[in-house]
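S.K.: If it helps, the file is called protein35.pdb and holds PDB, C-alpha atoms:
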```pdb
MODEL        1
ATOM      1  CA  MET A 101     125.529  -3.424 196.698
ATOM      2  CA  VAL A 102     125.674  -6.602 194.672
ATOM      3  CA  VAL A 103     129.000  -7.627 193.228
ATOM      4  CA  LYS A 104     129.616 -10.578 190.975
ATOM      5  CA  LEU A 105     133.176 -11.638 190.347
ATOM      6  CA  ALA A 106     133.622 -14.276 187.688
ATOM      7  CA  ALA A 107     137.372 -14.293 187.921
ATOM      8  CA  LEU A 108     140.237 -12.216 189.112
ATOM      9  CA  ARG A 109     143.148 -13.262 186.989
ATOM     10  CA  VAL A 110     145.749 -10.590 187.441
ATOM     11  CA  SER A 111     148.958 -10.475 189.323
ATOM     12  CA  CYS A 112     151.378  -8.063 190.857
ATOM     13  CA  GLU A 113     154.140  -9.495 188.710
ATOM     14  CA  PRO A 114     155.402  -7.188 185.964
ATOM     15  CA  LEU A 115     154.177  -7.767 182.433
ATOM     16  CA  SER A 116     156.487  -9.916 180.355
ATOM     17  CA  LYS A 117     158.015  -8.294 177.300
ATOM     18  CA  THR A 118     155.894 -10.414 174.974
ATOM     19  CA  CYS A 119     152.645  -9.674 176.738
ATOM     20  CA  SER A 120     149.989  -7.561 175.088
ATOM     21  CA  GLU A 121     148.047  -4.777 176.767
ATOM     22  CA  PRO A 122     145.713  -5.677 179.629
ATOM     23  CA  SER A 123     142.115  -6.302 178.764
ATOM     24  CA  ARG A 124     139.608  -3.639 179.685
ATOM     25  CA  VAL A 125     137.568  -3.957 182.842
ATOM     26  CA  PRO A 126     133.843  -3.658 182.180
ATOM     27  CA  GLN A 127     132.322  -0.511 183.633
ATOM     28  CA  ALA A 128     130.231  -0.894 186.722
ATOM     29  CA  GLY A 129     126.530  -0.750 186.079
ATOM     30  CA  ARG A 130     125.032   2.220 187.872
ATOM     31  CA  ALA A 131     121.631   1.286 189.167
ATOM     32  CA  GLY A 132     119.141   4.025 189.859
ATOM     33  CA  SER A 133     118.363   2.765 193.349
ATOM     34  CA  SER A 134     119.975   4.715 196.166
ATOM     35  CA  GLN A 135     119.842   1.636 198.411
ATOM     36  CA  THR A 136     121.473  -0.853 196.109
ATOM     37  CA  GLN A 137     124.184  -0.356 193.569
ATOM     38  CA  LYS A 138     124.860  -3.294 191.300
ATOM     39  CA  ILE A 139     127.943  -4.158 189.416
ATOM     40  CA  VAL A 140     126.416  -6.147 186.582
ATOM     41  CA  GLY A 141     126.768  -6.898 182.905
ATOM     42  CA  ALA A 142     129.499  -9.292 182.017
ATOM     43  CA  GLU A 143     130.538 -10.212 185.533
ATOM     44  CA  MET A 144     133.455  -8.146 186.765
ATOM     45  CA  ALA A 145     136.544  -9.842 185.450
ATOM     46  CA  ILE A 146     139.919  -8.228 185.902
ATOM     47  CA  LYS A 147     142.234 -10.021 183.512
ATOM     48  CA  PHE A 148     145.795  -9.767 182.307
ATOM     49  CA  CYS A 149     147.721 -12.179 180.159
ATOM     50  CA  CYS A 150     151.130 -13.707 180.815
ATOM     51  CA  PHE A 151     150.959 -14.127 184.597
ATOM     52  CA  SER A 152     151.926 -17.254 186.428
ATOM     53  CA  LYS A 153     150.959 -16.232 189.953
ATOM     54  CA  ASP A 154     147.397 -16.211 191.274
ATOM     55  CA  PRO A 155     146.707 -12.550 192.111
ATOM     56  CA  LEU A 156     144.247 -13.482 194.821
ATOM     57  CA  GLU A 157     147.263 -14.309 196.971
ATOM     58  CA  ASP A 158     148.192 -10.608 196.806
ATOM     59  CA  ALA A 159     144.713  -9.250 197.576
ATOM     60  CA  THR A 160     145.045  -9.730 201.329
ATOM     61  CA  SER A 161     148.121  -7.467 201.393
ATOM     62  CA  TRP A 162     146.124  -4.599 199.869
ATOM     63  CA  SER A 163     144.614  -3.891 203.287
ATOM     64  CA  GLU A 164     148.065  -3.272 204.801
ATOM     65  CA  SER A 165     148.526   0.088 203.066
ATOM     66  CA  ILE A 166     147.492   2.083 200.060
ATOM     67  CA  GLU A 167     151.097   1.769 198.877
ATOM     68  CA  LYS A 168     150.707  -2.025 198.622
ATOM     69  CA  LEU A 169     147.365  -1.631 196.863
ATOM     70  CA  LEU A 170     148.751   0.811 194.290
ATOM     71  CA  ALA A 171     151.976  -1.151 193.789
ATOM     72  CA  CYS A 172     149.908  -3.954 192.284
ATOM     73  CA  LYS A 173     148.207  -3.655 188.880
ATOM     74  CA  ALA A 174     145.362  -5.883 190.093
ATOM     75  CA  GLY A 175     145.012  -3.676 193.179
ATOM     76  CA  GLN A 176     144.905  -0.557 191.030
ATOM     77  CA  GLN A 177     142.189  -2.079 188.855
ATOM     78  CA  ALA A 178     140.078  -3.180 191.808
ATOM     79  CA  PHE A 179     140.475   0.272 193.393
ATOM     80  CA  GLN A 180     139.598   1.926 190.075
ATOM     81  CA  GLU A 181     136.454  -0.200 189.817
ATOM     82  CA  PHE A 182     135.496   0.894 193.335
ATOM     83  CA  LEU A 183     136.169   4.570 192.573
ATOM     84  CA  ARG A 184     134.123   4.264 189.397
ATOM     85  CA  SER A 185     131.204   3.001 191.497
ATOM     86  CA  GLU A 186     131.604   6.100 193.693
ATOM     87  CA  TYR A 187     131.881   8.483 190.735
ATOM     88  CA  SER A 188     135.431   9.483 191.636
ATOM     89  CA  GLU A 189     137.472   7.451 189.164
ATOM     90  CA  GLU A 190     139.334  10.586 188.058
ATOM     91  CA  ASN A 191     141.492  10.362 191.195
ATOM     92  CA  ILE A 192     143.151   7.042 190.341
ATOM     93  CA  LEU A 193     143.300   7.910 186.639
ATOM     94  CA  PHE A 194     145.123  11.160 187.427
ATOM     95  CA  TRP A 195     147.487   9.387 189.843
ATOM     96  CA  GLN A 196     148.266   6.737 187.189
ATOM     97  CA  ALA A 197     148.771   9.387 184.499
ATOM     98  CA  CYS A 198     151.255  11.184 186.772
ATOM     99  CA  GLU A 199     153.143   7.955 187.456
ATOM    100  CA  ASP A 200     153.433   7.320 183.707
ATOM    101  CA  TYR A 201     154.390  10.957 183.099
ATOM    102  CA  LYS A 202     157.350  10.713 185.490
ATOM    103  CA  LYS A 203     158.827   7.921 183.331
ATOM    104  CA  ILE A 204     158.967  10.011 180.138
ATOM    105  CA  LYS A 205     162.456  10.464 178.770
ATOM    106  CA  ASN A 206     162.111  12.953 175.885
ATOM    107  CA  ILE A 207     160.875  16.532 175.875
ATOM    108  CA  PRO A 208     158.372  16.424 172.976
ATOM    109  CA  GLU A 209     156.630  13.425 174.553
ATOM    110  CA  MET A 210     156.698  15.149 177.964
ATOM    111  CA  VAL A 211     155.104  18.334 176.578
ATOM    112  CA  SER A 212     152.394  16.322 174.827
ATOM    113  CA  ALA A 213     151.648  14.218 177.929
ATOM    114  CA  ALA A 214     151.630  17.293 180.196
ATOM    115  CA  ASN A 215     149.092  19.024 177.963
ATOM    116  CA  ARG A 216     146.910  15.908 177.872
ATOM    117  CA  ILE A 217     146.991  15.565 181.684
ATOM    118  CA  TYR A 218     146.283  19.269 182.074
ATOM    119  CA  SER A 219     143.323  19.294 179.684
ATOM    120  CA  GLU A 220     141.850  16.053 181.001
ATOM    121  CA  PHE A 221     142.275  16.556 184.760
ATOM    122  CA  VAL A 222     143.584  19.953 185.848
ATOM    123  CA  GLN A 223     142.086  22.832 183.910
ATOM    124  CA  VAL A 224     138.827  24.276 185.160
ATOM    125  CA  GLU A 225     135.881  22.403 183.603
ATOM    126  CA  ALA A 226     138.147  19.536 182.487
ATOM    127  CA  PRO A 227     136.199  16.362 181.617
ATOM    128  CA  ARG A 228     137.683  14.594 184.652
ATOM    129  CA  GLN A 229     138.546  17.592 186.786
ATOM    130  CA  ILE A 230     140.317  16.633 189.990
ATOM    131  CA  ASN A 231     139.731  18.313 193.327
ATOM    132  CA  ILE A 232     142.914  20.274 194.078
ATOM    133  CA  ASP A 233     143.385  23.665 195.690
ATOM    134  CA  CYS A 234     143.186  26.735 193.467
ATOM    135  CA  GLY A 235     146.823  27.704 194.134
ATOM    136  CA  THR A 236     148.104  24.372 192.850
ATOM    137  CA  ARG A 237     145.795  24.566 189.825
ATOM    138  CA  ALA A 238     146.969  28.137 189.073
ATOM    139  CA  ASN A 239     150.640  27.161 189.408
ATOM    140  CA  ILE A 240     150.224  24.252 186.962
ATOM    141  CA  THR A 241     148.325  26.521 184.553
ATOM    142  CA  LYS A 242     151.103  29.135 184.716
ATOM    143  CA  CYS A 243     153.855  26.575 184.009
ATOM    144  CA  ILE A 244     152.102  24.261 181.520
ATOM    145  CA  SER A 245     153.768  25.889 178.492
ATOM    146  CA  GLU A 246     157.157  24.702 179.777
ATOM    147  CA  PRO A 247     156.430  21.534 181.787
ATOM    148  CA  THR A 248     158.970  19.589 183.808
ATOM    149  CA  LEU A 249     158.774  16.068 185.215
ATOM    150  CA  GLU A 250     157.786  17.688 188.533
ATOM    151  CA  SER A 251     154.928  19.767 187.093
ATOM    152  CA  PHE A 252     152.189  17.644 188.637
ATOM    153  CA  ASN A 253     153.910  16.520 191.851
ATOM    154  CA  LYS A 254     151.989  18.781 194.234
ATOM    155  CA  ALA A 255     148.634  17.951 192.646
ATOM    156  CA  GLN A 256     149.470  14.242 192.664
ATOM    157  CA  LYS A 257     150.351  14.426 196.368
ATOM    158  CA  GLN A 258     147.017  16.127 197.090
ATOM    159  CA  ILE A 259     145.077  13.454 195.216
ATOM    160  CA  TYR A 260     147.117  10.676 196.839
ATOM    161  CA  SER A 261     146.347  12.175 200.249
ATOM    162  CA  LEU A 262     142.644  12.380 199.389
ATOM    163  CA  MET A 263     142.611   8.736 198.270
ATOM    164  CA  THR A 264     144.553   7.651 201.373
ATOM    165  CA  ARG A 265     142.328   9.270 203.973
ATOM    166  CA  ASP A 266     138.950   9.136 202.205
ATOM    167  CA  CYS A 267     138.638   6.570 199.402
ATOM    168  CA  TYR A 268     140.998   3.823 200.598
ATOM    169  CA  PRO A 269     139.255   3.162 203.952
ATOM    170  CA  ARG A 270     135.905   2.903 202.139
ATOM    171  CA  PHE A 271     137.444   0.573 199.555
ATOM    172  CA  LEU A 272     138.555  -1.815 202.299
ATOM    173  CA  LYS A 273     134.944  -2.040 203.525
ATOM    174  CA  SER A 274     133.478  -2.199 200.025
ATOM    175  CA  GLU A 275     131.581  -5.068 198.477
ATOM    176  CA  ILE A 276     134.196  -5.161 195.714
ATOM    177  CA  TYR A 277     137.128  -5.790 198.043
ATOM    178  CA  GLN A 278     135.170  -8.075 200.359
ATOM    179  CA  SER A 279     134.141 -10.219 197.383
ATOM    180  CA  ILE A 280     137.763 -10.496 196.300
ATOM    181  CA  LEU A 281     138.744 -11.554 199.818
ATOM    182  CA  GLU A 282     135.980 -14.166 199.855
ATOM    183  CA  LYS A 283     137.563 -15.715 196.767
ATOM    184  CA  THR A 284     140.798 -16.098 198.737
ATOM    185  CA  GLY A 285     139.083 -17.375 201.858
ATOM    186  CA  SER A 286     140.588 -14.458 203.798
ATOM    187  CA  SER A 287     137.516 -12.486 204.807
TER     188      SER A 287
ENDMDL
END
```
As a first step, turn the structure in this file into structure tokens.
M.R.:
Amino acid sequence: MVVKLAALRVSCEPLSKTCSEPSRVPQAGRAGSSQTQKIVGAEMAIKFCCFSKDPLEDATSWSESIEKLLACKAGQQAFQEFLRSEYSEENILFWQACEDYKKIKNIPEMVSAANRIYSEFVQVEAPRQINIDCGTRANITKCISEPTLESFNKAQKQIYSLMTRDCYPRFLKSEIYQSILEKTGSS
């Protein structure tokens, strides 16, 4: 796998109130070769505005636990880029959607977000269908007409567990993470 990192300019600091949305990370190029997968195009650049701290200082802590990786926006983006390269990006996207969902304060917004999460990730044949057990899927389907802030908790725990035991260890060995560490001089 060939990885080119032009710059990693994100931080684990919260966004300032005047900061705009983060820039989009270019999608990984998916080469046809089974031996080599290249991340090409405009070199992978994970960028946010309004940060004073060099995020590369935080990258070494990502190997301590998945909690530290996911607590950091730069860590989430690097992990998402890795999952995209493995065709399993729906896991982190679902986890992030659930985290955002739990912060919703009003019912109409909660109902709308629950239906979006359900149709994008949970229902059978969803565009980004996650791998959860059929009982959990059936329970969410049964209760989706009257969602609560806990509606997706069990599914989120299953996906978190899957990422922790399967995806996260591979991420730590990945070309993406190793290249980030090389930038810090920590590899």
S.K.: Applying the PyMOL selection byres ((chain A and resi 234) around 12) to the file I just gave you, which residues come out? Please list them as a list in words.
M.R.: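 Evaluating the PyMOL selection byres ((chain A and resi 234) around 12) on these coordinates yields Val222, Gln223, Val224, Ile230, Asn231, Ile232, Asp233, Gly235, Thr236, Arg237, Ala238, Asn239, Ile240, Thr241, Lys254, Ala255 and Gln258 of chain A.
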S.K.: For CA of Glu186 (chain A) and CA of Glu164 (chain A), quote the distance in Å rounded to one decimal.
M.R.: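 Atom-to-atom, CA of Glu186 (chain A) to CA of Glu164 (chain A), that is 22.0 Å.
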S.K.: What are the nearest atom pairs, with distances in Å to one decimal, for all residues of region 147-251 of chain A that come at most 12 Å from region 259-280 of chain A, using all atoms listed in the file, set out by chain and rising residue number as a tab-separated table?
M.R.:
```
residue	atom	partner	partner_atom	distance
A:Pro155	CA	A:Ile280	CA	10.1
A:Leu156	CA	A:Ile280	CA	7.3
A:Glu157	CA	A:Ile280	CA	10.3
A:Asp158	CA	A:Ile280	CA	10.4
A:Ala159	CA	A:Ile280	CA	7.2
A:Thr160	CA	A:Ile280	CA	8.9
A:Ser161	CA	A:Leu272	CA	11.1
A:Trp162	CA	A:Leu272	CA	8.4
A:Ser163	CA	A:Leu272	CA	6.5
A:Glu164	CA	A:Leu272	CA	9.9
A:Ser165	CA	A:Thr264	CA	8.7
A:Ile166	CA	A:Thr264	CA	6.4
A:Glu167	CA	A:Thr264	CA	9.1
A:Lys168	CA	A:Tyr268	CA	11.5
A:Leu169	CA	A:Tyr268	CA	9.2
A:Leu170	CA	A:Tyr260	CA	10.3
A:Ala174	CA	A:Ile280	CA	10.8
A:Gly175	CA	A:Tyr277	CA	9.5
A:Gln176	CA	A:Tyr268	CA	11.2
A:Gln177	CA	A:Ile276	CA	11.0
A:Ala178	CA	A:Ile276	CA	7.3
A:Phe179	CA	A:Phe271	CA	6.9
A:Gln180	CA	A:Phe271	CA	9.8
A:Glu181	CA	A:Ile276	CA	8.0
A:Phe182	CA	A:Phe271	CA	6.5
A:Leu183	CA	A:Cys267	CA	7.5
A:Arg184	CA	A:Cys267	CA	11.2
A:Ser185	CA	A:Ile276	CA	9.7
A:Glu186	CA	A:Cys267	CA	9.1
A:Tyr187	CA	A:Cys267	CA	11.2
A:Ser188	CA	A:Cys267	CA	8.9
A:Glu189	CA	A:Cys267	CA	10.3
A:Glu190	CA	A:Ile259	CA	9.6
A:Asn191	CA	A:Ile259	CA	6.2
A:Ile192	CA	A:Met263	CA	8.1
A:Leu193	CA	A:Ile259	CA	10.4
A:Phe194	CA	A:Ile259	CA	8.1
A:Trp195	CA	A:Tyr260	CA	7.1
A:Gln196	CA	A:Tyr260	CA	10.5
A:Cys198	CA	A:Ile259	CA	10.7
A:Glu199	CA	A:Tyr260	CA	11.5
A:Phe221	CA	A:Ile259	CA	11.3
A:Val222	CA	A:Ile259	CA	11.5
A:Gln229	CA	A:Ile259	CA	11.4
A:Ile230	CA	A:Ile259	CA	7.8
A:Asn231	CA	A:Ile259	CA	7.5
A:Ile232	CA	A:Ile259	CA	7.2
A:Asp233	CA	A:Ile259	CA	10.4
A:Thr236	CA	A:Ile259	CA	11.6
```
S.K.: Expressed in Å to a single decimal, how great is the separation between CA of Gln256 (chain A) and CA of Ser219 (chain A)?
M.R.: 15.2 Å
S.K.: I need the output of the PyMOL selection byres ((chain A and resi 244-247) around 8) for this file as a PyMOL selection string; which residues are they?
M.R.: chain A and resi 210-211+214-215+218+240-243+248-251
S.K.: Distance CA of Ser212 (chain A)-CA of Glu225 (chain A), one decimal place?
M.R.: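 Distance reported for this atom pair: 19.7 Å.
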S.K.: Please rebuild region 240-252 of chain A with N, CA, C and O atoms and give the result as a compact mmCIF listing (two decimals), keeping the file's coordinate frame.
M.R.:
```
# COMPACT_ATOMS: atom_id res chain seq x y z
N ILE A 240 150.10 25.16 188.11
CA ILE A 240 150.22 24.25 186.96
C ILE A 240 149.85 25.00 185.68
O ILE A 240 150.55 24.90 184.66
N THR A 241 148.78 25.77 185.72
CA THR A 241 148.32 26.52 184.55
C THR A 241 149.41 27.49 184.09
O THR A 241 149.67 27.61 182.88
N LYS A 242 150.05 28.16 185.03
CA LYS A 242 151.10 29.14 184.72
C LYS A 242 152.31 28.46 184.05
O LYS A 242 152.93 29.04 183.15
N CYS A 243 152.63 27.24 184.47
CA CYS A 243 153.85 26.58 184.01
C CYS A 243 153.63 25.53 182.91
O CYS A 243 154.59 24.91 182.47
N ILE A 244 152.39 25.35 182.46
CA ILE A 244 152.10 24.26 181.52
C ILE A 244 152.78 24.45 180.17
O ILE A 244 153.08 23.47 179.47
N SER A 245 153.11 25.66 179.79
CA SER A 245 153.77 25.89 178.49
C SER A 245 155.21 25.37 178.48
O SER A 245 155.76 25.10 177.41
N GLU A 246 155.81 25.25 179.66
CA GLU A 246 157.16 24.70 179.78
C GLU A 246 157.18 23.68 180.92
O GLU A 246 157.77 23.90 181.98
N PRO A 247 156.55 22.52 180.71
CA PRO A 247 156.43 21.53 181.79
C PRO A 247 157.76 20.85 182.12
O PRO A 247 158.65 20.77 181.27
N THR A 248 157.84 20.40 183.35
CA THR A 248 158.97 19.59 183.81
C THR A 248 158.39 18.28 184.34
O THR A 248 157.18 18.14 184.49
N LEU A 249 159.26 17.34 184.66
CA LEU A 249 158.77 16.07 185.22
C LEU A 249 158.13 16.26 186.58
O LEU A 249 157.40 15.39 187.05
N GLU A 250 158.37 17.40 187.22
CA GLU A 250 157.79 17.69 188.53
C GLU A 250 156.51 18.53 188.46
O GLU A 250 155.93 18.88 189.49
N SER A 251 156.06 18.85 187.28
CA SER A 251 154.93 19.77 187.09
C SER A 251 153.67 19.38 187.87
O SER A 251 152.94 20.25 188.33
N PHE A 252 153.43 18.09 188.01
CA PHE A 252 152.19 17.64 188.64
C PHE A 252 152.40 17.06 190.03
O PHE A 252 151.45 16.54 190.63
```
